[in-house]
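K.L.:
Take this structure first; my questions come after.
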Amino acid sequence: MQITQLTPVPVAPVARRTRRDLDVLAAVAVVLVIVGHFWLGRVSAGVDVLLVLAGYYVGARVLRRTDGSVGTEIWWWARRVIPALVLLLSASAGLTLAVQPQTRWEAFAEQTLAGLGFYQNWLLATTAADYAQAEETVTPLQHLWALSVAAQVLLAFLLLAWLIRRRAALVVVVAAAAAGSMVWAFLQHSDNQTLGYYSSFTRAWEVLAGVLAAFAVGRVRWPGWLSRVAAAAGLIAVVAAGILADGVIDYPGPWALVPVLATVLIILAGSAAGDG
């Protein structure tokens, strides 16, 4: 009896879909930040959009993994963030030593350490720095506070994902944490707006909204025309919030719901598009 050996047919790996729409959204958010600071003289909604996107990308990676490895995800994030951060800090240090008076060197050194340690937001919260006012304690590194918030919240999420392996339970815990953070943000907005602006506890809900959006992707299906309308409406809402609202005064209070929910809408619209 002759045995025929079958040669396995190689199967090309499934390519991960690149979200060009989110690349465009991130670019719009960066432009809003720049325009807000240099031309409008206030903080825009761009930071809120970027916090949501950070949560979405890390949440999506966690969903693709089956081994629950926290270290792998931390290493992936660090390889993309730390080299650029070190380059930024080095260039800023050179410029500071070259053009800034010595009276500002101490503040710069303090914020450099805070940037490297990802606690810049807490440094600014405790020193009650005015985000929009150029004082002796204000340096270009002050803008790294949002990176510190994202790093702290995402590290906490990765630890949760390692401890809670059941996806449904993880979603419930993340949703509860996001709701609690949002309520606390609204309360702090009235009681202590400076602390509320920089605190990781009051900003966590924005990052976790992106994580929850990652969990929702693939579970909704809309007609193509509805997805396009939703994406356009979300983009208009982001731009409008960036122009009309002053982030220092209005965020992270109820106004922050506009850019956050608009970003989530764009994420879902891009993944839920069907025919039509």
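Labels used: A, B, ... for chains in the order of the structure tokens, numbers from 1 for residues in each chain, and numbers from 1 for ligands as shown.
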For Leu144 of chain A, find every residue with an atom within 9 Å (counting only C-alpha atoms), except residues of its own chain fewer than 3 positions away, and show them as a short mmCIF file (atom, residue, chain, number, x, y, z; two decimals) with all heavy atoms, in the first residue's frame.
P.N.:
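Output saved as selection-v9.cif:
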```
data_model
loop_
_atom_site.label_atom_id
_atom_site.label_comp_id
_atom_site.auth_asym_id
_atom_site.auth_seq_id
_atom_site.Cartn_x
_atom_site.Cartn_y
_atom_site.Cartn_z
N ALA A 114 11.64 64.21 36.46
CA ALA A 114 10.22 63.85 36.49
C ALA A 114 9.78 63.24 35.17
O ALA A 114 8.96 62.32 35.14
CB ALA A 114 9.38 65.08 36.82
N GLY A 115 10.32 63.75 34.07
CA GLY A 115 9.97 63.20 32.77
C GLY A 115 10.50 61.79 32.59
O GLY A 115 9.80 60.90 32.11
N PHE A 118 8.50 59.44 34.72
CA PHE A 118 7.08 59.42 34.40
C PHE A 118 6.20 59.84 35.58
O PHE A 118 5.16 59.25 35.84
CB PHE A 118 6.65 58.03 33.90
CG PHE A 118 7.33 57.62 32.62
CD1 PHE A 118 8.39 56.72 32.64
CD2 PHE A 118 6.94 58.16 31.41
CE1 PHE A 118 9.04 56.36 31.47
CE2 PHE A 118 7.58 57.80 30.23
CZ PHE A 118 8.63 56.90 30.26
N GLN A 120 5.87 63.43 35.92
CA GLN A 120 5.81 64.86 35.63
C GLN A 120 4.48 65.47 36.05
O GLN A 120 4.43 66.60 36.56
CB GLN A 120 6.02 65.06 34.13
CG GLN A 120 5.99 66.49 33.65
CD GLN A 120 7.27 67.22 33.96
OE1 GLN A 120 7.39 67.85 35.00
NE2 GLN A 120 8.25 67.11 33.08
N ASN A 121 3.40 64.75 35.85
CA ASN A 121 2.08 65.30 36.19
C ASN A 121 1.95 65.57 37.68
O ASN A 121 1.37 66.58 38.10
CB ASN A 121 0.97 64.36 35.72
CG ASN A 121 1.05 62.98 36.36
OD1 ASN A 121 2.13 62.38 36.44
ND2 ASN A 121 -0.07 62.47 36.82
N PRO A 140 9.93 73.71 28.78
CA PRO A 140 9.29 72.95 27.69
C PRO A 140 8.89 71.54 28.10
O PRO A 140 7.99 70.95 27.51
CB PRO A 140 10.38 72.93 26.61
CG PRO A 140 11.24 74.10 26.89
CD PRO A 140 11.24 74.25 28.38
N LEU A 141 9.56 71.00 29.12
CA LEU A 141 9.28 69.63 29.55
C LEU A 141 7.95 69.52 30.29
O LEU A 141 7.49 68.41 30.56
CB LEU A 141 10.41 69.13 30.45
CG LEU A 141 11.81 69.18 29.85
CD1 LEU A 141 12.81 68.56 30.80
CD2 LEU A 141 11.84 68.48 28.50
N LEU A 147 2.16 62.33 28.97
CA LEU A 147 2.86 61.06 28.79
C LEU A 147 2.98 60.33 30.12
O LEU A 147 2.83 59.10 30.17
CB LEU A 147 4.25 61.32 28.20
CG LEU A 147 5.14 60.10 27.99
CD1 LEU A 147 4.51 59.13 27.00
CD2 LEU A 147 6.53 60.52 27.52
N SER A 148 3.23 61.07 31.19
CA SER A 148 3.31 60.45 32.52
C SER A 148 1.98 59.85 32.92
O SER A 148 1.92 58.74 33.46
CB SER A 148 3.76 61.49 33.55
OG SER A 148 5.05 61.98 33.26
N VAL A 149 0.90 60.57 32.67
CA VAL A 149 -0.44 60.05 32.99
C VAL A 149 -0.69 58.76 32.23
O VAL A 149 -1.13 57.75 32.81
CB VAL A 149 -1.52 61.10 32.65
CG1 VAL A 149 -2.91 60.46 32.70
CG2 VAL A 149 -1.45 62.27 33.60
#
```
K.L.:
Counting only C-alpha atoms, which residue out of A:Val260, A:Val52, A:Ala168, A:Ala84 sits closest to Val207 of chain A?
P.N.:
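Closest to Val207 of chain A of all the choices is A:Val52.
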K.L.:
If you measure from atom CA of Val35 of chain A to atom CA of Gly242 of chain A, what distance in Å do you get, rounded to one decimal?
P.N.:
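Separating atom CA of Val35 of chain A from atom CA of Gly242 of chain A is a distance of 9.2 Å.
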K.L.:
With only C-alpha atoms as the counted atoms, please give the residues lying no more than 12 Å from Arg20 of chain A, apart from itself and same-chain residues fewer than 2 positions off, as a ChimeraX atom specification.
P.N.:
/A:17-18,22-27,266-267,270-271
K.L.:
Mind writing the picked residues with N, CA and C atoms as a PDB file, in the first residue's frame?
P.N.:
```pdb
ATOM      1  N   ARG A  17      -4.707  45.159  10.416  1.00  0.00           N
ATOM      2  CA  ARG A  17      -5.206  46.317   9.707  1.00  0.00           C
ATOM      3  C   ARG A  17      -4.609  47.596  10.283  1.00  0.00           C
ATOM      4  N   THR A  18      -4.095  48.432   9.400  1.00  0.00           N
ATOM      5  CA  THR A  18      -3.558  49.716   9.824  1.00  0.00           C
ATOM      6  C   THR A  18      -4.679  50.744   9.830  1.00  0.00           C
ATOM      7  N   LEU A  22      -7.070  56.708  12.327  1.00  0.00           N
ATOM      8  CA  LEU A  22      -6.580  57.090  13.651  1.00  0.00           C
ATOM      9  C   LEU A  22      -5.244  57.825  13.554  1.00  0.00           C
ATOM     10  N   ASP A  23      -4.450  57.504  12.534  1.00  0.00           N
ATOM     11  CA  ASP A  23      -3.230  58.279  12.302  1.00  0.00           C
ATOM     12  C   ASP A  23      -3.584  59.733  11.987  1.00  0.00           C
ATOM     13  N   VAL A  24      -4.608  59.910  11.157  1.00  0.00           N
ATOM     14  CA  VAL A  24      -5.060  61.263  10.825  1.00  0.00           C
ATOM     15  C   VAL A  24      -5.595  61.961  12.070  1.00  0.00           C
ATOM     16  N   LEU A  25      -6.360  61.235  12.872  1.00  0.00           N
ATOM     17  CA  LEU A  25      -6.913  61.816  14.094  1.00  0.00           C
ATOM     18  C   LEU A  25      -5.806  62.248  15.048  1.00  0.00           C
ATOM     19  N   ALA A  26      -4.780  61.423  15.190  1.00  0.00           N
ATOM     20  CA  ALA A  26      -3.652  61.787  16.054  1.00  0.00           C
ATOM     21  C   ALA A  26      -2.956  63.038  15.536  1.00  0.00           C
ATOM     22  N   ALA A  27      -2.803  63.137  14.216  1.00  0.00           N
ATOM     23  CA  ALA A  27      -2.181  64.328  13.631  1.00  0.00           C
ATOM     24  C   ALA A  27      -3.029  65.566  13.897  1.00  0.00           C
ATOM     25  N   ILE A 266     -15.050  57.701  16.622  1.00  0.00           N
ATOM     26  CA  ILE A 266     -14.221  57.525  15.421  1.00  0.00           C
ATOM     27  C   ILE A 266     -13.575  56.141  15.416  1.00  0.00           C
ATOM     28  N   ILE A 267     -13.119  55.685  16.576  1.00  0.00           N
ATOM     29  CA  ILE A 267     -12.522  54.346  16.672  1.00  0.00           C
ATOM     30  C   ILE A 267     -13.531  53.280  16.256  1.00  0.00           C
ATOM     31  N   GLY A 270     -14.582  53.427  12.421  1.00  0.00           N
ATOM     32  CA  GLY A 270     -13.603  52.883  11.492  1.00  0.00           C
ATOM     33  C   GLY A 270     -13.541  51.376  11.488  1.00  0.00           C
ATOM     34  N   SER A 271     -13.936  50.758  12.600  1.00  0.00           N
ATOM     35  CA  SER A 271     -13.883  49.296  12.688  1.00  0.00           C
ATOM     36  C   SER A 271     -15.216  48.644  12.375  1.00  0.00           C
TER      37      SER A 271
END
```
K.L.:
At a cut-off of 8 Å, using only C-alpha atoms, what residues contact segment 199-205 of chain A? Leave out same-chain residues fewer than 5 positions from it and give the result as a list in words.
P.N.:
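Listing them by chain and then by number gives Asn121, Trp122, Ala125, Val149, Ala150, Gln152, Val153, Ala177, Ala178, Ala179, Gly180, Ser181, Met182, Trp184, Ala185, Gln188 and Pro252 of chain A.
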K.L.:
Provide the atom CA of Ala262 of chain A to atom CA of Gly196 of chain A distance in Å, to one decimal place.
P.N.:
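Going from atom CA of Ala262 of chain A over to atom CA of Gly196 of chain A, I get 21.4 Å.
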K.L.:
Which is closer to Ala237 of chain A than all the others in A:Leu155, A:Ala93, A:Val28, A:Leu124, using only C-alpha atoms?
P.N.:
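Going through A:Leu155, A:Ala93, A:Val28, A:Leu124 one by one, the smallest distance to Ala237 of chain A is for A:Val28.
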K.L.:
Which one is closest to Ala230 of chain A: A:His143, A:Phe215, A:Val264, A:Leu257? Count only C-alpha atoms.
P.N.:
A:Val264
K.L.:
Using only C-alpha atoms, find the one residue out of A:Leu261, A:Ala269, A:Leu32, A:Val183 that sits nearest to Arg19 of chain A.
P.N.:
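Closest residue, counting only C-alpha atoms: A:Ala269.
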K.L.:
Just the alpha helix (DSSP H) stuff from segment 59-187 of chain A, please, per backbone DSSP, written as a VMD selection string.
P.N.:
chain A and resid 59 to 64 70 to 99 105 to 116 120 to 127 145 to 163 167 to 187
K.L.:
Would you put the residues from that selection into a file with C-alpha atoms, as a compact mmCIF listing (two decimals), in the first residue's frame?
P.N.:
```txt
# COMPACT_ATOMS: atom_id res chain seq x y z
CA GLY A 59 -5.87 47.69 24.87
CA ALA A 60 -5.91 46.29 21.33
CA ARG A 61 -2.50 44.68 21.85
CA VAL A 62 -3.62 43.08 25.10
CA LEU A 63 -6.63 41.59 23.32
CA ARG A 64 -4.39 40.01 20.68
CA VAL A 70 2.76 42.01 31.02
CA GLY A 71 6.51 42.28 30.56
CA THR A 72 6.24 41.92 26.78
CA GLU A 73 3.75 44.75 26.52
CA ILE A 74 5.78 47.01 28.81
CA TRP A 75 8.88 46.32 26.73
CA TRP A 76 6.96 47.05 23.50
CA TRP A 77 5.79 50.39 24.91
CA ALA A 78 9.20 51.29 26.33
CA ARG A 79 11.00 50.61 23.04
CA ARG A 80 8.75 53.10 21.28
CA VAL A 81 8.64 55.81 23.92
CA ILE A 82 11.92 55.93 25.85
CA PRO A 83 14.38 56.48 22.94
CA ALA A 84 12.34 59.43 21.66
CA LEU A 85 11.96 60.74 25.21
CA VAL A 86 15.71 60.59 25.86
CA LEU A 87 16.39 62.36 22.56
CA LEU A 88 13.90 65.09 23.45
CA LEU A 89 15.36 65.56 26.92
CA SER A 90 18.92 65.67 25.58
CA ALA A 91 18.10 68.26 22.94
CA SER A 92 16.15 70.34 25.44
CA ALA A 93 19.01 70.18 27.92
CA GLY A 94 21.47 71.43 25.32
CA LEU A 95 19.24 74.34 24.36
CA THR A 96 18.54 75.19 27.99
CA LEU A 97 22.23 75.36 28.85
CA ALA A 98 22.91 77.42 25.75
CA VAL A 99 20.16 80.03 25.88
CA TRP A 105 18.43 75.35 35.21
CA GLU A 106 17.24 73.95 38.53
CA ALA A 107 13.60 73.81 37.42
CA PHE A 108 14.66 72.19 34.16
CA ALA A 109 16.73 69.53 35.95
CA GLU A 110 13.85 68.76 38.29
CA GLN A 111 11.42 68.34 35.41
CA THR A 112 13.94 66.26 33.47
CA LEU A 113 14.01 63.73 36.29
CA ALA A 114 10.22 63.85 36.49
CA GLY A 115 9.97 63.20 32.77
CA LEU A 116 12.33 60.23 32.90
CA GLN A 120 5.81 64.86 35.63
CA ASN A 121 2.08 65.30 36.19
CA TRP A 122 2.41 64.89 39.96
CA LEU A 123 5.29 67.35 40.08
CA LEU A 124 3.17 69.95 38.32
CA ALA A 125 0.15 69.17 40.48
CA THR A 126 2.09 69.64 43.70
CA THR A 127 3.80 72.83 42.54
CA TRP A 145 2.71 65.50 31.95
CA ALA A 146 0.26 63.71 29.63
CA LEU A 147 2.86 61.06 28.79
CA SER A 148 3.31 60.45 32.52
CA VAL A 149 -0.44 60.05 32.99
CA ALA A 150 -0.68 57.58 30.11
CA ALA A 151 2.29 55.56 31.39
CA GLN A 152 0.89 55.29 34.91
CA VAL A 153 -2.64 54.36 33.87
CA LEU A 154 -1.55 51.87 31.22
CA LEU A 155 0.85 50.17 33.63
CA ALA A 156 -2.03 49.75 36.07
CA PHE A 157 -4.20 48.35 33.28
CA LEU A 158 -1.52 45.85 32.21
CA LEU A 159 -1.20 44.63 35.78
CA LEU A 160 -4.98 44.22 35.92
CA ALA A 161 -4.93 42.29 32.65
CA TRP A 162 -2.29 39.98 34.13
CA LEU A 163 -4.27 39.42 37.33
CA ARG A 167 -11.99 39.10 29.51
CA ALA A 168 -15.54 39.79 30.68
CA ALA A 169 -14.39 40.33 34.25
CA LEU A 170 -11.57 42.58 33.06
CA VAL A 171 -14.02 44.72 31.07
CA VAL A 172 -16.25 45.12 34.12
CA VAL A 173 -13.34 46.18 36.32
CA VAL A 174 -11.98 48.62 33.72
CA ALA A 175 -15.45 50.10 33.16
CA ALA A 176 -15.94 50.55 36.90
CA ALA A 177 -12.53 52.20 37.24
CA ALA A 178 -13.28 54.51 34.32
CA ALA A 179 -16.64 55.51 35.78
CA GLY A 180 -15.12 56.18 39.19
CA SER A 181 -12.31 58.23 37.67
CA MET A 182 -14.75 60.30 35.62
CA VAL A 183 -16.92 61.10 38.63
CA TRP A 184 -13.85 62.03 40.65
CA ALA A 185 -12.64 64.25 37.79
CA PHE A 186 -15.91 66.15 37.73
CA LEU A 187 -15.78 66.64 41.50
```
K.L.:
Using only C-alpha atoms, which of A:Ile34, A:Ala214, A:Val49, A:Leu40 sits nearest Pro259 of chain A?
P.N.:
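Using only C-alpha atoms, Pro259 of chain A sits closest to A:Val49.
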K.L.:
For atom CA of Ala256 of chain A and atom CA of Trp39 of chain A, determine how far apart the two atoms are, in Å to one decimal place.
P.N.:
21.1 Å
K.L.:
I'd like to know which of A:Val258, A:Ala245, A:Leu195, A:Leu265 is closest to Arg42 of chain A, using only C-alpha atoms.
P.N.:
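Answer, going by the shortest atom-to-atom distance: A:Ala245.
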